[in-house]
file work_19.txt (compact mmCIF, C-alpha atoms)
# COMPACT_ATOMS: atom_id res chain seq x y z
CA MET A 26 143.56 71.70 120.22
CA ALA A 27 145.76 68.76 120.86
CA ILE A 28 146.90 68.31 124.43
CA ASN A 29 150.36 66.92 124.89
CA TRP A 30 149.67 64.32 127.61
CA PHE A 31 153.33 63.51 127.98
CA LYS A 32 153.86 67.02 129.25
CA TYR A 33 151.92 66.11 132.41
CA SER A 34 153.75 62.84 132.81
CA ALA A 35 156.85 64.82 133.78
CA PRO A 36 157.14 65.34 137.54
CA THR A 37 158.37 68.88 136.87
CA THR A 38 155.01 69.99 135.45
CA PHE A 39 152.82 67.63 137.45
CA TYR A 40 154.10 68.68 140.86
CA PRO A 41 152.83 72.30 140.71
CA LEU A 42 149.64 71.23 138.88
CA ALA A 43 148.78 68.73 141.63
CA GLY A 44 149.50 71.39 144.22
CA LYS A 45 146.95 73.68 142.60
CA LEU A 46 144.28 70.95 142.28
CA ILE A 47 144.46 69.54 145.83
CA PRO A 48 142.52 72.33 147.64
CA TRP A 49 139.62 72.03 145.17
CA PHE A 50 139.29 68.27 145.57
CA ALA A 51 139.74 68.46 149.34
CA ALA A 52 137.14 71.23 149.79
CA SER A 53 134.50 69.60 147.57
CA SER A 54 135.11 66.28 149.34
CA ALA A 55 134.56 67.90 152.76
CA ILE A 56 131.31 69.52 151.59
CA LEU A 57 130.01 66.27 150.11
CA PHE A 58 130.99 64.31 153.24
CA ALA A 59 128.97 66.71 155.38
CA ALA A 60 126.00 66.53 152.99
CA GLY A 61 126.22 62.76 152.57
CA LEU A 62 126.46 62.04 156.30
CA TYR A 63 123.53 64.37 156.99
CA LEU A 64 121.41 62.78 154.25
CA GLY A 65 122.38 59.25 155.25
CA PHE A 66 122.04 59.49 159.01
CA VAL A 67 119.29 62.10 159.42
CA VAL A 68 117.16 62.38 156.27
CA ALA A 69 117.14 58.83 154.86
CA PRO A 70 114.43 56.53 156.27
CA SER A 71 115.23 53.39 158.24
CA ASP A 72 115.07 50.02 156.50
CA ALA A 73 112.06 47.72 156.85
CA THR A 74 113.99 44.62 157.92
CA GLN A 75 117.29 45.97 159.25
CA GLY A 76 116.09 49.08 161.09
CA GLU A 77 118.94 51.53 161.67
CA PHE A 78 121.70 48.96 161.23
CA TYR A 79 121.61 49.28 157.47
CA ARG A 80 123.05 52.82 157.66
CA ILE A 81 126.54 51.34 157.71
CA ILE A 82 126.18 50.93 153.93
CA TYR A 83 126.80 54.67 153.57
CA ILE A 84 130.39 53.93 154.56
CA HIS A 85 130.68 50.28 153.63
CA VAL A 86 129.53 50.46 150.01
CA PRO A 87 131.57 53.52 148.92
CA SER A 88 134.73 52.11 150.50
CA SER A 89 134.19 48.69 148.89
CA ILE A 90 133.61 50.25 145.46
CA LEU A 91 136.68 52.46 145.82
CA SER A 92 138.88 49.64 147.11
CA MET A 93 138.19 47.74 143.88
CA PHE A 94 138.32 50.77 141.59
CA LEU A 95 141.56 52.10 143.11
CA TYR A 96 143.18 48.71 142.61
CA LEU A 97 142.48 48.94 138.88
CA VAL A 98 143.83 52.51 138.88
CA MET A 99 146.96 51.33 140.68
CA ALA A 100 147.46 48.38 138.30
CA GLY A 101 146.83 50.71 135.33
CA TYR A 102 149.49 53.16 136.48
CA ALA A 103 151.86 50.28 137.23
CA ALA A 104 151.34 48.94 133.69
CA LEU A 105 151.90 52.40 132.18
CA GLY A 106 155.11 52.64 134.18
CA LEU A 107 156.28 49.29 132.82
CA ILE A 108 155.32 50.04 129.23
CA PHE A 109 156.38 53.66 128.79
CA ASN A 110 159.04 53.76 131.50
CA THR A 111 157.53 56.98 132.85
CA ARG A 112 158.69 57.79 136.37
CA LEU A 113 155.47 59.52 137.35
CA SER A 114 153.23 56.54 136.55
CA SER A 115 155.11 54.32 138.98
CA MET A 116 155.02 57.06 141.59
CA MET A 117 151.24 57.33 141.12
CA ALA A 118 150.89 53.57 141.58
CA SER A 119 152.80 53.76 144.88
CA ALA A 120 150.69 56.75 145.92
CA VAL A 121 147.38 54.93 145.28
CA ALA A 122 148.28 51.78 147.25
CA PRO A 123 147.90 53.03 150.87
CA THR A 124 144.54 54.69 150.15
CA GLY A 125 143.28 51.56 148.42
CA ALA A 126 144.41 49.44 151.35
CA LEU A 127 142.64 51.82 153.75
CA PHE A 128 139.36 51.52 151.84
CA ALA A 129 139.66 47.72 151.64
CA PHE A 130 140.23 47.62 155.40
CA ILE A 131 137.25 49.91 156.10
CA ALA A 132 135.04 47.75 153.86
CA LEU A 133 136.02 44.57 155.74
CA TRP A 134 135.77 46.20 159.16
CA THR A 135 132.37 47.84 158.66
CA GLY A 136 131.15 44.63 157.05
CA ALA A 137 132.13 42.66 160.15
CA LEU A 138 130.43 45.20 162.42
CA TRP A 139 127.24 44.83 160.38
CA GLY A 140 127.54 41.07 159.99
CA LYS A 141 127.48 40.29 163.71
CA PRO A 142 124.02 41.76 164.46
CA MET A 143 122.48 40.99 161.04
CA TRP A 144 123.88 37.62 159.94
CA GLY A 145 124.91 36.39 163.36
CA ALA A 146 128.63 36.13 162.48
CA TRP A 147 131.55 38.58 162.29
CA TRP A 148 133.17 36.69 159.48
CA VAL A 149 132.20 33.95 157.03
CA TRP A 150 134.54 32.41 154.48
CA ASP A 151 132.27 33.09 151.53
CA ALA A 152 133.59 34.09 148.10
CA ARG A 153 132.86 37.83 148.43
CA LEU A 154 134.47 38.27 151.84
CA THR A 155 137.47 36.08 151.05
CA SER A 156 138.25 37.77 147.73
CA GLU A 157 137.99 41.21 149.36
CA LEU A 158 140.44 40.03 152.05
CA ILE A 159 142.80 38.89 149.28
CA LEU A 160 142.49 42.39 147.79
CA LEU A 161 143.67 43.89 151.09
CA PHE A 162 146.61 41.46 151.13
CA LEU A 163 147.46 42.39 147.53
CA TYR A 164 147.62 46.05 148.52
CA LEU A 165 149.77 45.24 151.55
CA GLY A 166 151.94 42.95 149.40
CA PHE A 167 152.44 45.73 146.86
CA ILE A 168 153.49 48.18 149.58
CA ALA A 169 155.77 45.64 151.28
CA LEU A 170 157.41 44.49 148.05
CA HIS A 171 158.04 48.07 146.98
CA ALA A 172 159.55 48.90 150.35
CA SER A 173 161.79 45.83 150.41
CA ILE A 174 163.79 46.73 147.27
CA ASP A 175 166.26 49.59 147.70
CA ASP A 176 166.58 50.71 144.08
CA PRO A 177 163.30 52.58 143.40
CA ARG A 178 163.22 51.77 139.67
CA ARG A 179 163.64 48.04 140.32
CA ALA A 180 161.10 48.24 143.14
CA ASP A 181 158.66 49.89 140.70
CA ARG A 182 159.03 47.05 138.19
CA ALA A 183 158.70 44.23 140.72
CA ALA A 184 155.69 45.79 142.45
CA ALA A 185 154.07 46.62 139.10
CA LEU A 186 154.16 42.95 138.15
CA LEU A 187 152.42 42.01 141.40
CA ALA A 188 149.80 44.74 140.87
CA ILE A 189 149.05 43.63 137.30
CA VAL A 190 148.76 39.93 138.18
CA GLY A 191 146.55 40.80 141.15
CA SER A 192 144.08 42.74 139.01
CA VAL A 193 142.55 39.37 138.05
CA ASN A 194 141.05 39.40 141.56
CA VAL A 195 138.89 42.50 140.99
CA PRO A 196 136.32 40.95 138.61
CA ILE A 197 136.24 37.94 140.94
CA ILE A 198 135.19 40.19 143.84
CA TYR A 199 132.59 41.96 141.74
CA PHE A 200 130.98 38.83 140.28
CA SER A 201 131.48 36.56 143.31
CA VAL A 202 127.90 37.04 144.53
CA LYS A 203 126.67 36.03 141.08
CA TRP A 204 128.92 33.08 140.32
CA TRP A 205 128.71 31.30 143.66
CA ASN A 206 126.36 30.88 146.59
CA THR A 207 127.45 33.47 149.13
CA LEU A 208 126.10 34.78 152.41
CA HIS A 209 126.80 38.31 151.19
CA GLN A 210 123.74 39.67 149.40
CA GLY A 211 123.72 40.31 145.65
CA SER A 212 124.37 43.69 144.06
CA THR A 213 121.87 46.43 144.86
CA ILE A 214 123.24 48.79 142.23
CA LYS A 215 123.02 47.03 138.90
CA PHE A 216 123.29 48.23 135.34
CA THR A 217 119.59 47.40 134.96
CA GLY A 218 118.46 49.49 137.93
CA THR A 219 118.77 49.90 141.66
CA SER A 220 116.62 48.09 144.22
CA MET A 221 116.80 50.83 146.81
CA GLN A 222 114.64 53.71 147.95
CA VAL A 223 115.52 57.04 146.25
CA THR A 224 116.69 59.04 149.30
CA MET A 225 118.87 56.13 150.39
CA GLN A 226 120.34 56.02 146.89
CA GLN A 227 121.05 59.75 146.85
CA SER A 228 122.78 59.58 150.25
CA MET A 229 124.89 56.67 149.12
CA PHE A 230 125.97 58.25 145.84
CA THR A 231 126.81 61.48 147.69
CA MET A 232 129.02 59.51 150.06
CA LEU A 233 130.58 57.69 147.09
CA ALA A 234 131.43 61.02 145.40
CA ALA A 235 132.84 62.35 148.70
CA CYS A 236 135.09 59.30 149.17
CA TRP A 237 136.17 59.52 145.55
CA LEU A 238 137.20 63.18 145.84
CA TYR A 239 138.93 62.44 149.15
CA ALA A 240 140.90 59.67 147.45
CA ILE A 241 141.98 61.99 144.62
CA ALA A 242 143.05 64.74 147.02
CA ILE A 243 145.01 62.43 149.33
CA ILE A 244 146.67 60.57 146.43
CA LEU A 245 147.81 63.84 144.85
CA MET A 246 149.24 64.93 148.21
CA ARG A 247 151.05 61.63 148.57
CA VAL A 248 152.43 61.66 145.04
CA ARG A 249 153.80 65.16 145.67
CA SER A 250 155.80 63.93 148.64
CA ILE A 251 156.96 60.90 146.66
CA ILE A 252 158.16 63.24 143.88
CA LEU A 253 160.01 65.39 146.42
CA GLU A 254 161.65 62.34 147.94
CA ARG A 255 162.69 60.62 144.75
CA GLU A 256 163.76 63.69 142.78
CA ARG A 257 165.46 65.40 145.70
CA ASN A 258 168.81 65.54 143.89
CA THR A 259 167.46 67.31 140.81
CA LYS A 260 167.94 70.99 140.16
CA TRP A 261 164.25 71.93 139.88
CA ILE A 262 163.47 70.55 143.32
CA THR A 263 166.25 72.49 144.98
CA GLU A 264 164.90 75.63 143.32
CA LEU A 265 161.34 75.15 144.65
CA ALA A 266 160.22 77.91 146.99
CA GLU A 267 159.02 75.47 149.68
CA VAL A 268 162.30 73.54 149.59
CA LYS A 269 164.51 76.62 149.81
CA LYS A 270 162.88 77.74 153.05
CA MET B 52 157.92 46.05 117.18
CA LYS B 53 159.16 48.85 119.37
CA PRO B 54 160.23 47.79 122.88
CA ARG B 55 157.25 49.56 124.42
CA GLN B 56 154.80 47.74 122.16
CA LYS B 57 156.53 44.50 123.08
CA ARG B 58 156.14 45.21 126.78
CA PHE B 59 152.48 46.08 126.22
CA ALA B 60 151.93 42.76 124.43
CA TYR B 61 153.71 40.86 127.23
CA ILE B 62 151.43 42.44 129.82
CA ILE B 63 148.24 41.68 127.86
CA VAL B 64 149.31 38.07 127.26
CA GLY B 65 150.35 37.77 130.91
CA ILE B 66 146.98 39.00 132.24
CA ALA B 67 145.12 36.71 129.84
CA ALA B 68 147.20 33.70 130.93
CA VAL B 69 146.80 34.41 134.65
CA GLY B 70 143.09 35.07 134.16
CA LEU B 71 142.64 31.78 132.32
CA ALA B 72 144.57 29.85 134.98
CA VAL B 73 142.56 31.38 137.82
CA GLY B 74 139.34 30.77 135.92
CA LEU B 75 140.13 27.09 135.45
CA VAL B 76 141.13 26.64 139.09
CA LEU B 77 137.97 28.34 140.35
CA ASN B 78 135.85 26.31 137.97
CA ALA B 79 137.42 23.09 139.27
CA LEU B 80 136.81 24.18 142.87
CA LYS B 81 133.27 25.41 142.22
CA ASP B 82 131.69 23.33 144.99
CA ASN B 83 134.32 24.41 147.50
CA VAL B 84 134.00 28.11 146.71
CA SER B 85 130.23 28.14 147.15
CA LEU B 86 129.31 28.77 150.75
CA TYR B 87 126.32 26.47 150.87
CA PHE B 88 124.32 23.78 149.06
CA THR B 89 120.68 24.20 148.08
CA PRO B 90 118.04 21.66 149.19
CA THR B 91 117.81 20.45 145.57
CA GLN B 92 121.54 19.68 145.58
CA VAL B 93 121.12 17.78 148.84
CA TYR B 94 118.36 15.66 147.30
CA ASN B 95 120.55 15.00 144.26
CA LYS B 96 123.25 13.75 146.68
CA GLU B 97 125.68 16.47 145.63
CA ALA B 98 126.21 17.48 149.26
CA PRO B 99 128.58 15.50 151.51
CA GLN B 100 126.80 12.61 153.21
CA ASP B 101 128.71 11.96 156.40
CA ARG B 102 130.22 15.27 157.37
CA SER B 103 129.09 18.76 158.23
CA PHE B 104 128.10 21.16 155.43
CA ARG B 105 126.09 24.35 154.94
CA ILE B 106 122.67 24.53 153.42
CA GLY B 107 121.01 27.73 152.24
CA GLY B 108 117.58 28.82 151.10
CA LEU B 109 114.45 30.46 152.44
CA VAL B 110 112.71 29.65 155.72
CA GLU B 111 109.40 28.13 154.63
CA GLN B 112 106.31 30.15 155.62
CA GLY B 113 104.63 28.76 158.73
CA SER B 114 107.32 26.15 159.36
CA LEU B 115 109.06 27.72 162.39
CA LYS B 116 108.23 25.94 165.65
CA ARG B 117 109.89 26.59 168.99
CA GLU B 118 109.99 23.92 171.64
CA GLY B 119 109.23 24.36 175.34
CA ASP B 120 112.84 24.97 176.38
CA GLY B 121 112.81 28.25 174.43
CA LEU B 122 116.08 27.43 172.65
CA THR B 123 115.26 24.58 170.30
CA ALA B 124 113.85 25.75 166.98
CA ARG B 125 112.56 23.58 164.16
CA PHE B 126 112.05 24.99 160.68
CA VAL B 127 112.15 23.99 157.04
CA ILE B 128 114.62 25.40 154.50
CA THR B 129 113.33 25.51 150.94
CA ASP B 130 114.59 26.60 147.54
CA LEU B 131 110.98 26.55 146.29
CA LYS B 132 111.60 23.18 144.60
CA LYS B 133 112.75 20.93 147.43
CA SER B 134 112.70 21.51 151.16
CA LEU B 135 114.63 20.17 154.09
CA PRO B 136 113.81 20.16 157.83
CA VAL B 137 116.34 21.66 160.25
CA VAL B 138 116.59 21.57 164.02
CA TYR B 139 118.76 24.08 165.87
CA VAL B 140 119.48 24.67 169.53
CA GLY B 141 120.60 28.24 170.17
CA ILE B 142 119.81 31.88 169.60
CA LEU B 143 118.58 32.73 166.11
CA PRO B 144 119.94 35.95 164.52
CA ASP B 145 117.75 39.09 164.44
CA LEU B 146 117.08 38.91 160.72
CA PHE B 147 115.88 35.31 160.92
CA LYS B 148 112.29 35.32 159.65
CA GLU B 149 109.91 33.06 157.80
CA GLY B 150 110.14 33.69 154.07
CA LYS B 151 113.64 35.19 154.41
CA GLY B 152 117.05 33.84 153.47
CA VAL B 153 119.00 31.62 155.84
CA VAL B 154 122.21 29.57 155.86
CA ALA B 155 122.55 26.70 158.35
CA GLN B 156 125.62 24.58 159.04
CA GLY B 157 125.21 21.06 160.34
CA LYS B 158 125.05 17.36 159.60
CA MET B 159 122.26 15.29 158.09
CA GLU B 160 121.25 12.67 160.65
CA SER B 161 119.60 9.35 159.89
CA ASP B 162 116.17 10.84 160.69
CA GLY B 163 116.46 13.01 157.56
CA VAL B 164 116.72 16.18 159.63
CA MET B 165 119.69 18.51 159.56
CA HIS B 166 121.03 19.09 163.06
CA ALA B 167 122.45 22.59 162.73
CA SER B 168 125.31 23.88 164.83
CA GLU B 169 125.14 27.40 163.39
CA VAL B 170 122.34 29.41 161.76
CA LEU B 171 123.05 32.65 159.87
CA ALA B 172 120.49 35.01 158.37
CA LYS B 173 120.99 36.05 154.75
CA HIS B 174 119.82 39.51 153.80
CA ASP B 175 118.53 40.34 150.33
CA GLU B 176 119.67 43.27 148.20
CA ASN B 177 116.51 45.37 148.64
CA TYR B 178 116.43 48.43 150.85
CA MET B 179 113.15 50.17 151.55
CA PRO B 180 111.51 52.11 154.39
CA PRO B 181 108.91 50.26 156.55
CA GLU B 182 105.97 52.22 155.07
CA ALA B 183 106.91 51.17 151.54
CA LYS B 184 107.18 47.55 152.67
CA ASP B 185 103.74 47.67 154.32
CA ALA B 186 102.23 49.07 151.12
CA LEU B 187 103.96 46.37 149.09
CA ASP B 188 102.74 43.60 151.42
CA LYS B 189 99.17 44.99 151.27
CA ALA B 190 99.28 45.13 147.49
CA ARG B 191 100.49 41.52 147.37
CA LYS B 192 97.71 40.41 149.72
CA THR B 193 94.92 42.05 147.72
CA GLN B 194 96.41 40.64 144.55
CA GLY B 195 96.43 37.20 146.16
CA SER B 196 92.78 37.43 147.31
CA THR B 197 91.46 38.48 143.89
CA LYS B 198 93.06 35.48 142.24
call {"tool": "encode", "arguments": {"input": "work_19.txt", "output": "structure tokens"}}
result
Amino acid sequence: MAINWFKYSAPTTFYPLAGKLIPWFAASSAILFAAGLYLGFVVAPSDATQGEFYRIIYIHVPSSILSMFLYLVMAGYAALGLIFNTRLSSMMASAVAPTGALFAFIALWTGALWGKPMWGAWWVWDARLTSELILLFLYLGFIALHASIDDPRRADRAAALLAIVGSVNVPIIYFSVKWWNTLHQGSTIKFTGTSMQVTMQQSMFTMLAACWLYAIAIILMRVRSIILERERNTKWITELAEVKK
Amino acid sequence: MKPRQKRFAYIIVGIAAVGLAVGLVLNALKDNVSLYFTPTQVYNKEAPQDRSFRIGGLVEQGSLKREGDGLTARFVITDLKKSLPVVYVGILPDLFKEGKGVVAQGKMESDGVMHASEVLAKHDENYMPPEAKDALDKARKTQGSTK
């Protein structure tokens, strides 16, 4: 059976679909957060060299991964919006940006909190930290640029260009610890295997899944309000039950 | 070409061009992007001679000596090929240990010793509980004694 993907690129069909999906993503995210935090902070053993301090990775690593991944999602939607001129793609790009910025900020913040007791410095201008900071600025730049242009379609195109150009930064963040000497340690999770104890790994992947589901739920919620705002003059919006009330 | 295919091609070419430009710039600035020099690079005179720079490597086993004032620490940074003595006055970070990673910022003085103004500990990418580490250390020791 062939699925007509363009059907779901219309806000009219996507709006109710997103509404139906949100509770499922939100509920499974809440359950996984509870499980992941319990595993990470109660069950998982302490680390041989870092003691209890290492437990910040259960928040730091998932938010760093998602900050990079969400940027690619945002740039992908922005590119789709430019290429196919679909309204929903650009709305999705705008909906992803604040969540991506939040995760980038959490990654930098928790990293600084860990860096002070472990490295001896809150902040170091090494390649990994600097490129992640640039990622946060790219998110903020995307949001600011989009907000500064009144015509939403023109704002979409300008911000999309920024998002696409900025995507060059994501592989730089990922490979920075490999290409240059950095204070930040190398990757623990590699394609060839993971240098981490099994319970620690399970806690971290649970937290990653929880953050991922949270991101999906919150982005769908945000895109629904963007649809309502931008399409407020259309007939189908005025006929929605929640708008009529 | 349809307009949408044209736009797709523009975007691909654009990303490739920006990627190439950034790649060339970063390649040209390689030494500036790296946070520290290795002892081998210092010996090859790749590190700046008369100003402050960072050096990174492992703290050599058995090289850490503290002086009477309780603040001055002397140790040797090695990359397992070359090594370089460092003197530092101040509080060392918690993770600072012999055989572990370290990054020190300072200036090479005429005595061939780096006078560090800042010492940071570098953590590796391995996470394991203390019991597992003890077992690993024991295994290494027995392996070493049989050799």
call {"tool": "atom_distance", "arguments": {"input": "work_19.txt", "atom1": "CA of Asp181 (chain A)", "atom2": "CA of Ala242 (chain A)"}}
result
22.5 Å
call {"tool": "interface_residues", "arguments": {"input": "work_19.txt", "of": "chain B", "to": "chain A", "cutoff": "7 Å", "atoms": "only C-alpha atoms", "output": "PyMOL selection string"}}
result
chain B and resi 55+58-59+66+69-70+84-87+144-146+171-181+184
call {"tool": "residues_around", "arguments": {"input": "work_19.txt", "residues": "Trp237 (chain A)", "least_positions_apart": "3", "cutoff": "9 Å", "atoms": "all atoms listed in the file", "output": "PDB file with C-alpha atoms, in the frame of the given file"}}
result
ATOM      1  CA  SER A  54     135.110  66.280 149.340  1.00  0.00           C
ATOM      2  CA  PRO A  87     131.570  53.520 148.920  1.00  0.00           C
ATOM      3  CA  LEU A  91     136.680  52.460 145.820  1.00  0.00           C
ATOM      4  CA  MET A 232     129.020  59.510 150.060  1.00  0.00           C
ATOM      5  CA  LEU A 233     130.580  57.690 147.090  1.00  0.00           C
ATOM      6  CA  ALA A 234     131.430  61.020 145.400  1.00  0.00           C
ATOM      7  CA  ALA A 240     140.900  59.670 147.450  1.00  0.00           C
ATOM      8  CA  ILE A 241     141.980  61.990 144.620  1.00  0.00           C
ATOM      9  CA  ALA A 242     143.050  64.740 147.020  1.00  0.00           C
TER      10      ALA A 242
END
call {"tool": "atom_distance", "arguments": {"input": "work_19.txt", "atom1": "CA of Ser173 (chain A)", "atom2": "CA of Thr259 (chain A)"}}
result
24.2 Å
call {"tool": "atom_distance", "arguments": {"input": "work_19.txt", "atom1": "CA of Leu109 (chain B)", "atom2": "CA of Lys151 (chain B)"}}
result
5.2 Å
call {"tool": "residues_around", "arguments": {"input": "work_19.txt", "residues": "Asp101 (chain B)", "least_positions_apart": "6", "cutoff": "9 Å", "atoms": "only C-alpha atoms", "output": "list in words"}}
result
Lys158, Met159 and Glu160 of chain B
call {"tool": "closest_residue", "arguments": {"input": "work_19.txt", "among": "B:Val93, B:Met52, B:Ile62, B:Leu135", "to": "Ala188 (chain A)", "atoms": "all atoms listed in the file"}}
result
B:Ile62
call {"tool": "axis_aligned_box", "arguments": {"input": "work_19.txt", "around": "region 69-84 of chain B", "padding_each_side": "6 Å", "output": "JSON"}}
result
{"center_x": 139.2, "center_y": 29.1, "center_z": 139.9, "size_x": 27.1, "size_y": 24.0, "size_z": 27.2}
call {"tool": "closest_residue", "arguments": {"input": "work_19.txt", "among": "A:Ile159, A:Ile262, A:Leu170, A:Ala126", "to": "Met99 (chain A)", "atoms": "all atoms listed in the file"}}
result
A:Ala126
call {"tool": "closest_residue", "arguments": {"input": "work_19.txt", "among": "B:Lys53, B:Arg105, B:Arg125, B:Lys192", "to": "Phe88 (chain B)", "atoms": "all atoms listed in the file"}}
result
B:Arg105
call {"tool": "residues_around", "arguments": {"input": "work_19.txt", "residues": "region 245-250 of chain A", "least_positions_apart": "2", "cutoff": "7 Å", "atoms": "only C-alpha atoms", "output": "PyMOL selection string"}}
result
chain A and resi 40+43+47+116-117+120+241-243+252-254
call {"tool": "decode", "arguments": {"input": "work_19.txt", "residues": "region 155-177 of chain B", "atoms": "C-alpha atoms", "output": "compact mmCIF listing (two decimals), in the first residue's frame"}}
result
# COMPACT_ATOMS: atom_id res chain seq x y z
CA ALA B 155 49.01 22.54 31.78
CA GLN B 156 49.27 26.13 30.62
CA GLY B 157 52.50 28.03 31.12
CA LYS B 158 55.78 29.21 29.66
CA MET B 159 59.00 27.32 29.02
CA GLU B 160 61.75 28.95 31.08
CA SER B 161 65.45 28.84 30.33
CA ASP B 162 65.89 25.96 32.80
CA GLY B 163 63.90 23.71 30.44
CA VAL B 164 61.02 23.47 32.89
CA MET B 165 57.51 24.63 32.13
CA HIS B 166 56.29 27.05 34.79
CA ALA B 167 52.55 26.40 34.72
CA SER B 168 49.97 28.98 35.68
CA GLU B 169 47.04 26.58 35.30
CA VAL B 170 46.74 22.79 35.50
CA LEU B 171 43.61 20.97 34.30
CA ALA B 172 42.88 17.25 34.60
CA LYS B 173 41.78 15.44 31.45
CA HIS B 174 39.40 12.55 31.91
CA ASP B 175 39.37 9.54 29.58
CA GLU B 176 36.29 8.07 27.92
CA ASN B 177 36.08 4.96 30.11
